[in-house]
Amino acid sequence: MGRRSASLEFVGREDDLAALQATFDRACGGDAAMVLVTGEAGIGKTRLVRRFFDLVPEGTIIATGSCVPIDDGGLPYAPVVGILRSLARQLDEEAAAGPTGALDALMPPLGAPAEAPPPSDPNARRGGLADTMAKLRLFDSITSCLTEVAARDPLIVLLEDLHWADSTSAELLHFLTRNLVEARVLIIGTCRTEELSVDHPLRGRLTEIGRHEMVSHIDLQGLEREQTARLIEGIIGQPPDRYLVDGVWARSQGNPFFVEELTATRHSQALSDGLVDVVRSSVERLSPDAQHLLQIVAACGAGADHRLAAQVSTLGADDLDRLLGEVVDRHILVVDTDEGTYGFRHALLREAVYASMLPAERERLHRRLAVALTADATLGPTEPGRRSSELAQHWWAAREWGQAHEASVESGHIASRMRAFPEAYDHLARALEAVSRMPADEVPDRVPIVEEAAELAGLCGDGARAVELASELVDLIDPTVDPRHAARALTMLGRNTWSTGDATAVLDAYARARDLLPPEPSPELAMVLAEEGGILMVTSRLVEGEHRCREAIEVARAIGARQVEGKALNTLGCCRSLLGFSDEGIAQLRESLAIAHELHNPDDLNRAYGNLGGCLLDADRLEEAAALVYESVEVAEGIWGMGLEMAVTNSAEALIRLGRYDQAEGLLSNLGDRALGSCESGPPIQRMALDIRRGDLDAADRQRLVLDDMTAPFSDVQVRGGFHLLCAELAAERGRPEEADTEIEQALALAATTDDHQFSLQMCAVGARVIADQFVHGRSDGRPVDRTKLELRAEGMADEAGRLLAACADRGGEVTARLRGLEMTARAERSRTGEPDPAPWAEAAAQWEQTSDRYDLAYCRWRQAEAHLAGRSNRSAAAECLRAAAEISREIGARHLTDEIEALARRARIALFDAEVAVDRSATVASDLGLTPREVEVLALLAVGSTDREIADQLFISKKTASVHVSNLIRKLGVSNRVEAGRIGQTHLAALDHGSS
């Protein structure tokens, strides 16, 4: 028997253990919970969890799964497979049907060929809604399985080493936090904090999981000195002297694993300052045969099969068994009785043993392991993905590049079939690296692997690498030999390049693809025309886009390519609608939607419903657009909240325009942050718009930061231009018209060379507003303003709006009430730089009333009232407008607009409702200083340095009346001039809201 290096006593962590037990008690009551146990390597995460397991009531079901680093033969869903297998082993045959069924759905059929999708089909695409829905169905089946098991007995699920989790397992864990609610399930995840660097691919996902309300955290720190002493005593069997405790505690910093290793090697004279050397020293005291055995286990990776170790080792069976017993007794290796494998007690031990081998030793050992696994399919893991991954790792370490390439390709194909696209891409990238190391005469055809890797890189969001690989693919294919394949490669290059936002390069790739293809109809020609039409549409080159789509439809119909026909019809409908032909565009989108239903294609359903909603918005059919999401849910069961991003986003926009802010927020909340491709910015754009309308400007500013990064690569009107437009509105609401002006100029620059009029008209209306705001704010602040320049600029915005409206009419398109409303709003805003005129505001309000755009209607009524009061033309009409505006703004919850309306009403001394007395927050100040309410309002304006003319304009009184009020104030306050009166105002009226127009 060897000397014990691990303490059997559980030391410290009492509070952490109690927290786990309390969370489990809540879970047993039906509230599913998750605990993330974090800390550095060796800190005791697993020991805490195992101690907790010792204390749970009898009958509790415990299922464990471990994440495995991809370099060590990782398999997508590796911890999930372990959990489901553990459940199947523990349950009776009837109850085990759930876990077994989930396993069958999860794993590719054993022995099934892992083939790449045929590249001959230009329409073969992965990673869209079809794959998303299949993954969600799998996640739902696993969730149901866990719920059903927990209905019998409380269930604890342990996922170890989440820092090594594959992307699909992390997605499933996130899904469980949102969908596993009323179930007697406790999920525990352990994670090394030092592994989660800033650029770790799973850092964001795990952080998001950790923020969920069902998730709690236990972050383990080092043991205290007294706890360290107890741990040492458990190892050496007697109280340690204080010198040993002080030395071990100082060097280990309370890390239990290092405490044990330092204690076990306390008599060694060769201890170095590096703790890895301390770990290695515990192994160096073993016999050479035992060390060789540990090297085999270390090279095997996550777990070593007994038969595989025997096959590779030169030891006899009896010696192997004896040595295994020795290293298990010394607590260096542990046995997984369920899997029949051996593994190291701690990952640091494995790392130390593996690092101790010379490069040539590692190479020979990995080669023997690879040969043994290849010769006998019953050795090692049996899952196809896990087996090929391990083989790839062994062949790579053995520097056998040909075999490493083959195994990596197989692993990539299996991961791709499991929809684990990041893992599939990693495997294929490794395969390409292996090819680069092969002798020239052994290099296989790179084209298939580069082609698949280019697609996968795009699906994984690595836009730069996706473009690089697609460019390499273009260079590899000789267009004179295979022009159709070369055209497919260029089409992929265009598609991948769009993720970088370089529209010019995208269209260049599509044009090159077209030039390679003969004029005769073909799938390649249909696809490149349809995709080119789509990019022309989203970059607002609508006339060109319409032309390409008509060509694509003609080719697609000639060859019976219904899916491409549907895509092109969809884009054509958008082009026609955006050009002003709404009825025609909506009909074409309905036709596209019918084809998507016919083909049961969720990606095309999403795009058809989404773009149909957008066109209904452009046609002012807001109620139809808002209701469309519910129709889409009925016909696409299972996609709700996850797949129909475009439909949800456009329905949310319709609800925002209708003033139903709570309903819009509900839709966007259900959608979450998930969106695909060009739809990615849609949800945050609508959230920002909603925040601005509600007056939650801080929340809108947070969305602005998110959107700036998200839309920065793009230079189109709809995405980046729409972002600048929202930023201008936000800046205007914050009273920063110069900043808003800059945003509008950037937005208009993006629209300058396009056929767009929808976004451009909005830009003109907001642009005219912020120019007028600069004039009004400058005058109110006493700053010099160039009125003539601002008048000319505002006039230019209004004229541009008129030109855009006329251009739409000249094309024969419909001029909707919304477009007229935008043009009239721009002209009304221009009037704010000159003489007050309520007439253009009344005209604009009438258009917004037709469209049911509630916020815009309230805004125009407010400005109409302001113009009446400023011109002293019709006080009763001003009161009527103010009351109408206030009623709408309060009803829809537009807080900032309501504040502006109420401030104007206070200054004009207008009660907004018959039963309401005008709000007077100056009563206390009036009482304290012996002033009338009107004198308090004048004092507030003196506090900011207003002249008599400015006071008259603000309070809608004559200059003479303002002068009389100022004189009365000076007399009542006992001061000598208006400056001293203003100082008293600054002291007493700091909190008084005197508003501004």
# chains A, B, ... in the order shown; residues from 1 in each chain; ligands from 1
call {"tool": "residues_around", "arguments": {"residues": "Ala619 in chain A", "least_positions_apart": "3", "cutoff": "12 Å", "atoms": "only C-alpha atoms", "output": "number ranges by chain"}}
result
A: 574, 576-586, 612-616, 622-625, 654, 758, 813-819, 850-851
call {"tool": "atom_distance", "arguments": {"atom1": "CA of Arg178 in chain A", "atom2": "CA of Ala608 in chain A"}}
result
28.1 Å
call {"tool": "atom_distance", "arguments": {"atom1": "CA of Leu220 in chain A", "atom2": "CA of Glu339 in chain A"}}
result
29.2 Å
call {"tool": "atom_distance", "arguments": {"atom1": "CA of Thr337 in chain A", "atom2": "CA of Glu284 in chain A"}}
result
27.0 Å
call {"tool": "residues_around", "arguments": {"residues": "range 167-169 of chain A", "least_positions_apart": "3", "cutoff": "7 Å", "atoms": "only C-alpha atoms", "output": "VMD selection string"}}
result
chain A and resid 76 to 77 80 172 to 173 420 422
